[in-house]
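Visitor: Got a structure for you, questions after.
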Amino acid sequence: MSQYIVSPNPHIHANVSTASLMRDVVIALCPAIIVSVLFYGWAELLVLAASVASCVLIEWVITRFLLKKSCTIGDWSAVVTGLLLAMNLPVTTPVWVVFIGALVAIGVAKMTFGGIGQNIFNPAITGRVFLLVSFPTYMTDWTVTKGFIQTDAVSGATLLGRYAEGGVEAIQGTDYLQTLFLNIGGSAGEISAIALLLGFVYLLVRKVIKPWIPLSIFGTIALVSLIFWLIDPMTYSDPLFNLLTGGVILGACFMATDYVTSPMSTLGGVIYGIGIGFIVMMIRYFGAYPEGMSFAILIMNMCVPLLNMWFHKKKYGSK
């Protein structure tokens with residue numbers, strides 16, 4: 001009778017965990033957070049603090065008293081959800097509205113499905129869309145509060161809002177260089193494209209994400225808007241405008257790349273990104289909302305299981 005020697009596989013271990021990945025995302029968001037706090041002041045700090053605290057508290061309560069499991073707030077995923085939710089909200093959002101958004105993000109979109117790794121939809125985006133539909137007045141109040149740098153409070157529509165209301169004429173003369181570095185108005189996730197791109201580069205260097213999804217989103221938005229703009233430049237906005245305004249950079253770099261709700265394969269990720277970019281432009285040009293990034297990501301989240309099935313990676317050693 002032959003003898004079998006059983007030994008553990010020679011697995012290679014890396015010093016990577018959910019907590020370390022989430023902390024890297026927090027670090028990557030810091031440039032945009034700092035800029036938003038400097039220009040929006042204490043009001044922005046209040047929204048950030050309320051969102052993070054609510055997400056952490058709600059996850060702790062659910063795991064401790066409803067699921068009766070060990071606490072999961074140490075993996076920092078609730079902190080990331082809170083920061084992303086806050087960066088999608090106007091600076092004037094009341095604390096109780098922020099709490100409701102956190103409740104939907106954590107309690108419904110995340111913990112209902114079993115917690116991190118099992119949710120179908122991006123939690124922060126789910127919370128933001130729920131608030132947009134339920135509290136449109138609060139979610140479209142773009143008053144700029146007194147900040148630590150900016151001295152005067154102003155109120156007005158965002159660039160996308162102006163385009164939706166007045167067309168190309170309403171955005172003529174937009175300084176794209178200024179928009180790249182600083183775009184006062186809108187949520188914290190819209191204030192500085194360069195700050196968000198710095199965070200994107202950090203995530204790439206740290207190998208937290210891969211560039212295929214963001215680049216496919218940017219490329220699709222640029223291509224689709226270029227086609228429409230060339231056909232009728234007096235009706236449709238140009239590619240630079242669509243890339244630098246709204247939540248495109250925040251959504252593409254920090255939310256569409258979520259491990260749980262994005263495809264596992266490179267080809268699936270590219271198709272996923274193309275779908276997001278195309279839907280964004282269809283909503284911006286023909287939809288009722290001036291911005292479509294959140295809706296586009298949620299719609300493509302539903303397609304991820306199919307993309308994983310159609311474009312799954314072959315197992316090691318399989319033919």
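The chains in the structure tokens are called A, B, ... from first to last as shown; in each chain the residues are counted from 1, and the ligands are counted from 1 in the order shown.
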Sorted by chain and rising residue number, which residues of range 115-233 of chain A lie within 10 Å of range 281-297 of chain A, and what are their closest atom pairs and distances in Å to one decimal, counting only C-alpha atoms, as JSON lines?
Guide:
```
{"residue": "A:Phe121", "atom": "CA", "partner": "A:Ile297", "partner_atom": "CA", "distance": 8.6}
{"residue": "A:Asn122", "atom": "CA", "partner": "A:Ile297", "partner_atom": "CA", "distance": 8.1}
{"residue": "A:Ala124", "atom": "CA", "partner": "A:Ser294", "partner_atom": "CA", "distance": 9.4}
{"residue": "A:Ile125", "atom": "CA", "partner": "A:Ser294", "partner_atom": "CA", "distance": 5.8}
{"residue": "A:Thr126", "atom": "CA", "partner": "A:Ser294", "partner_atom": "CA", "distance": 8.1}
{"residue": "A:Arg128", "atom": "CA", "partner": "A:Ser294", "partner_atom": "CA", "distance": 7.8}
{"residue": "A:Val129", "atom": "CA", "partner": "A:Ser294", "partner_atom": "CA", "distance": 6.8}
{"residue": "A:Thr158", "atom": "CA", "partner": "A:Pro290", "partner_atom": "CA", "distance": 9.4}
{"residue": "A:Leu159", "atom": "CA", "partner": "A:Pro290", "partner_atom": "CA", "distance": 9.3}
{"residue": "A:Leu160", "atom": "CA", "partner": "A:Pro290", "partner_atom": "CA", "distance": 5.6}
{"residue": "A:Gly161", "atom": "CA", "partner": "A:Pro290", "partner_atom": "CA", "distance": 5.7}
{"residue": "A:Arg162", "atom": "CA", "partner": "A:Pro290", "partner_atom": "CA", "distance": 8.7}
{"residue": "A:Tyr163", "atom": "CA", "partner": "A:Pro290", "partner_atom": "CA", "distance": 7.7}
{"residue": "A:Ala164", "atom": "CA", "partner": "A:Pro290", "partner_atom": "CA", "distance": 5.5}
{"residue": "A:Glu165", "atom": "CA", "partner": "A:Pro290", "partner_atom": "CA", "distance": 8.7}
{"residue": "A:Gly167", "atom": "CA", "partner": "A:Tyr285", "partner_atom": "CA", "distance": 9.9}
{"residue": "A:Thr220", "atom": "CA", "partner": "A:Met281", "partner_atom": "CA", "distance": 8.9}
{"residue": "A:Ile221", "atom": "CA", "partner": "A:Met281", "partner_atom": "CA", "distance": 6.4}
{"residue": "A:Ala222", "atom": "CA", "partner": "A:Met281", "partner_atom": "CA", "distance": 9.4}
{"residue": "A:Val224", "atom": "CA", "partner": "A:Met281", "partner_atom": "CA", "distance": 7.1}
{"residue": "A:Ser225", "atom": "CA", "partner": "A:Met281", "partner_atom": "CA", "distance": 7.0}
{"residue": "A:Phe228", "atom": "CA", "partner": "A:Tyr285", "partner_atom": "CA", "distance": 9.3}
```
Visitor: Based on the selection just made, write N, CA, C and O atoms of those residues as a PDB file, in the first residue's frame.
Guide:
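Contents of again-v4.pdb, freshly written:
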```
ATOM      1  N   PHE A 121     -24.314  46.093  -4.588  1.00  0.00           N
ATOM      2  CA  PHE A 121     -24.205  47.486  -4.993  1.00  0.00           C
ATOM      3  C   PHE A 121     -23.192  48.222  -4.122  1.00  0.00           C
ATOM      4  O   PHE A 121     -23.016  47.892  -2.945  1.00  0.00           O
ATOM      5  N   ASN A 122     -22.556  49.239  -4.702  1.00  0.00           N
ATOM      6  CA  ASN A 122     -21.638  50.070  -3.939  1.00  0.00           C
ATOM      7  C   ASN A 122     -22.416  50.788  -2.835  1.00  0.00           C
ATOM      8  O   ASN A 122     -23.368  51.513  -3.123  1.00  0.00           O
ATOM      9  N   ALA A 124     -21.835  53.384  -0.701  1.00  0.00           N
ATOM     10  CA  ALA A 124     -21.856  54.842  -0.667  1.00  0.00           C
ATOM     11  C   ALA A 124     -22.740  55.415  -1.770  1.00  0.00           C
ATOM     12  O   ALA A 124     -23.500  56.364  -1.549  1.00  0.00           O
ATOM     13  N   ILE A 125     -22.652  54.840  -2.955  1.00  0.00           N
ATOM     14  CA  ILE A 125     -23.469  55.328  -4.063  1.00  0.00           C
ATOM     15  C   ILE A 125     -24.942  55.034  -3.815  1.00  0.00           C
ATOM     16  O   ILE A 125     -25.816  55.851  -4.123  1.00  0.00           O
ATOM     17  N   THR A 126     -25.236  53.869  -3.245  1.00  0.00           N
ATOM     18  CA  THR A 126     -26.623  53.537  -2.922  1.00  0.00           C
ATOM     19  C   THR A 126     -27.209  54.552  -1.950  1.00  0.00           C
ATOM     20  O   THR A 126     -28.339  55.027  -2.128  1.00  0.00           O
ATOM     21  N   ARG A 128     -26.186  57.637  -1.515  1.00  0.00           N
ATOM     22  CA  ARG A 128     -26.290  58.940  -2.182  1.00  0.00           C
ATOM     23  C   ARG A 128     -27.510  59.001  -3.109  1.00  0.00           C
ATOM     24  O   ARG A 128     -28.245  59.999  -3.113  1.00  0.00           O
ATOM     25  N   VAL A 129     -27.756  57.945  -3.883  1.00  0.00           N
ATOM     26  CA  VAL A 129     -28.896  57.930  -4.803  1.00  0.00           C
ATOM     27  C   VAL A 129     -30.207  57.942  -4.021  1.00  0.00           C
ATOM     28  O   VAL A 129     -31.165  58.617  -4.405  1.00  0.00           O
ATOM     29  N   THR A 158     -24.153  74.290 -10.007  1.00  0.00           N
ATOM     30  CA  THR A 158     -22.862  73.776 -10.441  1.00  0.00           C
ATOM     31  C   THR A 158     -22.751  73.949 -11.952  1.00  0.00           C
ATOM     32  O   THR A 158     -23.719  74.300 -12.632  1.00  0.00           O
ATOM     33  N   LEU A 159     -21.564  73.695 -12.477  1.00  0.00           N
ATOM     34  CA  LEU A 159     -21.374  73.792 -13.925  1.00  0.00           C
ATOM     35  C   LEU A 159     -22.307  72.844 -14.668  1.00  0.00           C
ATOM     36  O   LEU A 159     -22.884  73.203 -15.700  1.00  0.00           O
ATOM     37  N   LEU A 160     -22.459  71.622 -14.156  1.00  0.00           N
ATOM     38  CA  LEU A 160     -23.377  70.675 -14.798  1.00  0.00           C
ATOM     39  C   LEU A 160     -24.817  71.153 -14.700  1.00  0.00           C
ATOM     40  O   LEU A 160     -25.603  70.985 -15.639  1.00  0.00           O
ATOM     41  N   GLY A 161     -25.169  71.750 -13.558  1.00  0.00           N
ATOM     42  CA  GLY A 161     -26.511  72.286 -13.410  1.00  0.00           C
ATOM     43  C   GLY A 161     -26.776  73.431 -14.361  1.00  0.00           C
ATOM     44  O   GLY A 161     -27.872  73.531 -14.945  1.00  0.00           O
ATOM     45  N   ARG A 162     -25.792  74.293 -14.530  1.00  0.00           N
ATOM     46  CA  ARG A 162     -25.935  75.397 -15.481  1.00  0.00           C
ATOM     47  C   ARG A 162     -26.079  74.883 -16.900  1.00  0.00           C
ATOM     48  O   ARG A 162     -26.875  75.405 -17.696  1.00  0.00           O
ATOM     49  N   TYR A 163     -25.319  73.838 -17.237  1.00  0.00           N
ATOM     50  CA  TYR A 163     -25.425  73.264 -18.585  1.00  0.00           C
ATOM     51  C   TYR A 163     -26.797  72.623 -18.799  1.00  0.00           C
ATOM     52  O   TYR A 163     -27.402  72.761 -19.867  1.00  0.00           O
ATOM     53  N   ALA A 164     -27.297  71.927 -17.775  1.00  0.00           N
ATOM     54  CA  ALA A 164     -28.596  71.272 -17.901  1.00  0.00           C
ATOM     55  C   ALA A 164     -29.721  72.286 -18.074  1.00  0.00           C
ATOM     56  O   ALA A 164     -30.701  72.023 -18.773  1.00  0.00           O
ATOM     57  N   GLU A 165     -29.579  73.447 -17.441  1.00  0.00           N
ATOM     58  CA  GLU A 165     -30.625  74.464 -17.518  1.00  0.00           C
ATOM     59  C   GLU A 165     -30.489  75.367 -18.734  1.00  0.00           C
ATOM     60  O   GLU A 165     -31.492  75.734 -19.349  1.00  0.00           O
ATOM     61  N   GLY A 167     -27.897  75.026 -21.371  1.00  0.00           N
ATOM     62  CA  GLY A 167     -27.178  74.519 -22.528  1.00  0.00           C
ATOM     63  C   GLY A 167     -25.748  75.045 -22.593  1.00  0.00           C
ATOM     64  O   GLY A 167     -25.180  75.537 -21.614  1.00  0.00           O
ATOM     65  N   THR A 220     -14.269  56.417 -22.681  1.00  0.00           N
ATOM     66  CA  THR A 220     -15.620  56.357 -23.239  1.00  0.00           C
ATOM     67  C   THR A 220     -16.318  57.703 -23.144  1.00  0.00           C
ATOM     68  O   THR A 220     -16.961  58.150 -24.104  1.00  0.00           O
ATOM     69  N   ILE A 221     -16.195  58.365 -21.998  1.00  0.00           N
ATOM     70  CA  ILE A 221     -16.798  59.692 -21.843  1.00  0.00           C
ATOM     71  C   ILE A 221     -16.205  60.669 -22.849  1.00  0.00           C
ATOM     72  O   ILE A 221     -16.932  61.444 -23.483  1.00  0.00           O
ATOM     73  N   ALA A 222     -14.885  60.622 -23.012  1.00  0.00           N
ATOM     74  CA  ALA A 222     -14.225  61.517 -23.965  1.00  0.00           C
ATOM     75  C   ALA A 222     -14.681  61.232 -25.393  1.00  0.00           C
ATOM     76  O   ALA A 222     -14.971  62.162 -26.164  1.00  0.00           O
ATOM     77  N   VAL A 224     -17.474  59.545 -26.564  1.00  0.00           N
ATOM     78  CA  VAL A 224     -18.894  59.796 -26.809  1.00  0.00           C
ATOM     79  C   VAL A 224     -19.172  61.300 -26.873  1.00  0.00           C
ATOM     80  O   VAL A 224     -19.866  61.782 -27.780  1.00  0.00           O
ATOM     81  N   SER A 225     -18.610  62.058 -25.910  1.00  0.00           N
ATOM     82  CA  SER A 225     -18.848  63.504 -25.921  1.00  0.00           C
ATOM     83  C   SER A 225     -18.184  64.170 -27.123  1.00  0.00           C
ATOM     84  O   SER A 225     -18.712  65.150 -27.665  1.00  0.00           O
ATOM     85  N   PHE A 228     -20.572  63.654 -30.190  1.00  0.00           N
ATOM     86  CA  PHE A 228     -21.741  64.538 -30.134  1.00  0.00           C
ATOM     87  C   PHE A 228     -21.331  66.002 -30.312  1.00  0.00           C
ATOM     88  O   PHE A 228     -22.037  66.773 -30.967  1.00  0.00           O
TER      89      PHE A 228
END
```
Visitor: Might you pull out every residue within 12 Å of Asp258 in chain A, with only C-alpha atoms counted and same-chain residues fewer than 2 positions away left off, and present them as a ChimeraX atom specification?
Guide: /A:18,21-22,25,77,80-81,84,116-117,119-125,208-210,213-214,250-256,260-264,269,297-298,301,304
Visitor: Within range 183-286 of chain A, find each residue whose DSSP state, derived from the backbone, is alpha helix (DSSP H), and express the selection as a ChimeraX atom specification.
Guide: /A:193-205,212-231,239-244,248-250,266-286
Visitor: Quick one: residues within 6 Å of range 183-196 of chain A, only C-alpha atoms counted, chain neighbours fewer than 4 positions away excluded, as a ChimeraX atom specification?
Guide: /A:31-32,36,87-90,142,158,179,246-247,250
Visitor: Output the selection as a PDB file, in the first residue's frame - all heavy atoms for each residue.
Guide:
```pdb
ATOM      1  N   PRO A  31      -6.042  64.301  -0.066  1.00  0.00           N
ATOM      2  CA  PRO A  31      -5.859  65.580  -0.777  1.00  0.00           C
ATOM      3  C   PRO A  31      -7.179  66.282  -1.096  1.00  0.00           C
ATOM      4  O   PRO A  31      -7.309  67.491  -0.861  1.00  0.00           O
ATOM      5  CB  PRO A  31      -5.124  65.171  -2.053  1.00  0.00           C
ATOM      6  CG  PRO A  31      -4.389  63.923  -1.680  1.00  0.00           C
ATOM      7  CD  PRO A  31      -5.295  63.206  -0.737  1.00  0.00           C
ATOM      8  N   ALA A  32      -8.152  65.531  -1.597  1.00  0.00           N
ATOM      9  CA  ALA A  32      -9.447  66.139  -1.915  1.00  0.00           C
ATOM     10  C   ALA A  32     -10.171  66.573  -0.650  1.00  0.00           C
ATOM     11  O   ALA A  32     -10.839  67.619  -0.630  1.00  0.00           O
ATOM     12  CB  ALA A  32     -10.307  65.160  -2.715  1.00  0.00           C
ATOM     13  N   SER A  36     -11.305  70.445   0.216  1.00  0.00           N
ATOM     14  CA  SER A  36     -12.715  70.754   0.482  1.00  0.00           C
ATOM     15  C   SER A  36     -12.898  71.416   1.845  1.00  0.00           C
ATOM     16  O   SER A  36     -13.705  72.342   1.990  1.00  0.00           O
ATOM     17  CB  SER A  36     -13.557  69.475   0.400  1.00  0.00           C
ATOM     18  OG  SER A  36     -13.214  68.575   1.430  1.00  0.00           O
ATOM     19  N   MET A  87     -18.406  62.817   0.555  1.00  0.00           N
ATOM     20  CA  MET A  87     -17.857  63.534  -0.590  1.00  0.00           C
ATOM     21  C   MET A  87     -18.831  63.612  -1.754  1.00  0.00           C
ATOM     22  O   MET A  87     -18.576  64.290  -2.744  1.00  0.00           O
ATOM     23  CB  MET A  87     -16.547  62.876  -1.029  1.00  0.00           C
ATOM     24  CG  MET A  87     -15.461  62.947   0.021  1.00  0.00           C
ATOM     25  SD  MET A  87     -13.873  62.328  -0.538  1.00  0.00           S
ATOM     26  CE  MET A  87     -13.357  63.661  -1.629  1.00  0.00           C
ATOM     27  N   ASN A  88     -19.958  62.910  -1.628  1.00  0.00           N
ATOM     28  CA  ASN A  88     -21.014  62.991  -2.636  1.00  0.00           C
ATOM     29  C   ASN A  88     -22.180  63.856  -2.189  1.00  0.00           C
ATOM     30  O   ASN A  88     -23.189  63.921  -2.886  1.00  0.00           O
ATOM     31  CB  ASN A  88     -21.524  61.583  -2.963  1.00  0.00           C
ATOM     32  CG  ASN A  88     -20.652  60.864  -3.969  1.00  0.00           C
ATOM     33  OD1 ASN A  88     -20.769  61.067  -5.169  1.00  0.00           O
ATOM     34  ND2 ASN A  88     -19.747  60.029  -3.480  1.00  0.00           N
ATOM     35  N   LEU A  89     -22.041  64.521  -1.042  1.00  0.00           N
ATOM     36  CA  LEU A  89     -23.138  65.317  -0.501  1.00  0.00           C
ATOM     37  C   LEU A  89     -22.797  66.806  -0.529  1.00  0.00           C
ATOM     38  O   LEU A  89     -21.631  67.183  -0.375  1.00  0.00           O
ATOM     39  CB  LEU A  89     -23.421  64.901   0.944  1.00  0.00           C
ATOM     40  CG  LEU A  89     -23.802  63.440   1.194  1.00  0.00           C
ATOM     41  CD1 LEU A  89     -24.003  63.202   2.682  1.00  0.00           C
ATOM     42  CD2 LEU A  89     -25.044  63.053   0.407  1.00  0.00           C
ATOM     43  N   PRO A  90     -23.806  67.661  -0.681  1.00  0.00           N
ATOM     44  CA  PRO A  90     -23.565  69.098  -0.539  1.00  0.00           C
ATOM     45  C   PRO A  90     -23.091  69.432   0.864  1.00  0.00           C
ATOM     46  O   PRO A  90     -23.445  68.744   1.832  1.00  0.00           O
ATOM     47  CB  PRO A  90     -24.941  69.708  -0.821  1.00  0.00           C
ATOM     48  CG  PRO A  90     -25.682  68.668  -1.594  1.00  0.00           C
ATOM     49  CD  PRO A  90     -25.184  67.353  -1.085  1.00  0.00           C
ATOM     50  N   TRP A 142     -26.506  73.961  -3.437  1.00  0.00           N
ATOM     51  CA  TRP A 142     -25.059  74.093  -3.651  1.00  0.00           C
ATOM     52  C   TRP A 142     -24.507  75.385  -3.064  1.00  0.00           C
ATOM     53  O   TRP A 142     -23.582  75.983  -3.603  1.00  0.00           O
ATOM     54  CB  TRP A 142     -24.748  74.003  -5.143  1.00  0.00           C
ATOM     55  CG  TRP A 142     -25.229  72.724  -5.755  1.00  0.00           C
ATOM     56  CD1 TRP A 142     -26.171  72.590  -6.729  1.00  0.00           C
ATOM     57  CD2 TRP A 142     -24.796  71.396  -5.434  1.00  0.00           C
ATOM     58  NE1 TRP A 142     -26.364  71.271  -7.031  1.00  0.00           N
ATOM     59  CE2 TRP A 142     -25.526  70.508  -6.250  1.00  0.00           C
ATOM     60  CE3 TRP A 142     -23.868  70.868  -4.526  1.00  0.00           C
ATOM     61  CZ2 TRP A 142     -25.359  69.135  -6.192  1.00  0.00           C
ATOM     62  CZ3 TRP A 142     -23.704  69.492  -4.462  1.00  0.00           C
ATOM     63  CH2 TRP A 142     -24.436  68.649  -5.288  1.00  0.00           C
ATOM     64  N   THR A 158     -24.153  74.290 -10.007  1.00  0.00           N
ATOM     65  CA  THR A 158     -22.862  73.776 -10.441  1.00  0.00           C
ATOM     66  C   THR A 158     -22.751  73.949 -11.952  1.00  0.00           C
ATOM     67  O   THR A 158     -23.719  74.300 -12.632  1.00  0.00           O
ATOM     68  CB  THR A 158     -22.725  72.291 -10.091  1.00  0.00           C
ATOM     69  OG1 THR A 158     -23.760  71.547 -10.765  1.00  0.00           O
ATOM     70  CG2 THR A 158     -22.869  72.082  -8.587  1.00  0.00           C
ATOM     71  N   THR A 179     -10.768  74.773 -13.376  1.00  0.00           N
ATOM     72  CA  THR A 179     -11.599  73.627 -13.011  1.00  0.00           C
ATOM     73  C   THR A 179     -10.744  72.430 -12.625  1.00  0.00           C
ATOM     74  O   THR A 179     -11.100  71.651 -11.731  1.00  0.00           O
ATOM     75  CB  THR A 179     -12.523  73.243 -14.180  1.00  0.00           C
ATOM     76  OG1 THR A 179     -13.310  74.378 -14.553  1.00  0.00           O
ATOM     77  CG2 THR A 179     -13.453  72.108 -13.792  1.00  0.00           C
ATOM     78  N   GLY A 246     -18.458  67.513 -12.350  1.00  0.00           N
ATOM     79  CA  GLY A 246     -19.276  66.480 -11.728  1.00  0.00           C
ATOM     80  C   GLY A 246     -18.454  65.445 -10.977  1.00  0.00           C
ATOM     81  O   GLY A 246     -17.328  65.690 -10.558  1.00  0.00           O
ATOM     82  N   GLY A 247     -19.036  64.273 -10.843  1.00  0.00           N
ATOM     83  CA  GLY A 247     -18.401  63.216 -10.068  1.00  0.00           C
ATOM     84  C   GLY A 247     -17.670  62.184 -10.890  1.00  0.00           C
ATOM     85  O   GLY A 247     -17.477  61.048 -10.424  1.00  0.00           O
ATOM     86  N   LEU A 250     -14.082  61.197  -9.186  1.00  0.00           N
ATOM     87  CA  LEU A 250     -14.324  60.504  -7.921  1.00  0.00           C
ATOM     88  C   LEU A 250     -14.952  59.137  -8.168  1.00  0.00           C
ATOM     89  O   LEU A 250     -14.530  58.128  -7.591  1.00  0.00           O
ATOM     90  CB  LEU A 250     -15.230  61.341  -7.026  1.00  0.00           C
ATOM     91  CG  LEU A 250     -15.609  60.711  -5.681  1.00  0.00           C
ATOM     92  CD1 LEU A 250     -14.392  60.579  -4.783  1.00  0.00           C
ATOM     93  CD2 LEU A 250     -16.704  61.527  -4.995  1.00  0.00           C
TER      94      LEU A 250
END
```
Visitor: Between A:Leu240, A:Ala50, A:Val270, A:Val104, which has the minimum distance to Tyr176 in chain A (counting only C-alpha atoms)?
Guide: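 Among the listed residues, the smallest separation from Tyr176 in chain A belongs to A:Leu240.
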Visitor: Using only C-alpha atoms, determine which residues lie at most 12 Å from Leu223 in chain A, disregarding the query and same-chain residues fewer than 2 positions distant; provide the list as a list in words.
Guide: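 Close residues of Leu223 in chain A: Leu215, Ser216, Ile217, Phe218, Gly219, Thr220, Ile221, Ser225, Leu226, Ile227, Phe228, Trp229, Leu230, Asp238, Pro239, Leu240, Asn242, Leu243, Ile274, Gly277, Phe278 and Met281 of chain A.
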Visitor: Contacts of Thr93 in chain A at 12 Å or less, counting only C-alpha atoms, minus same-chain residues fewer than 6 places along, as a PyMOL selection string?
Guide: chain A and resi 43-48+50-51+85-87+99-101+128+131-132+135-145+186-188
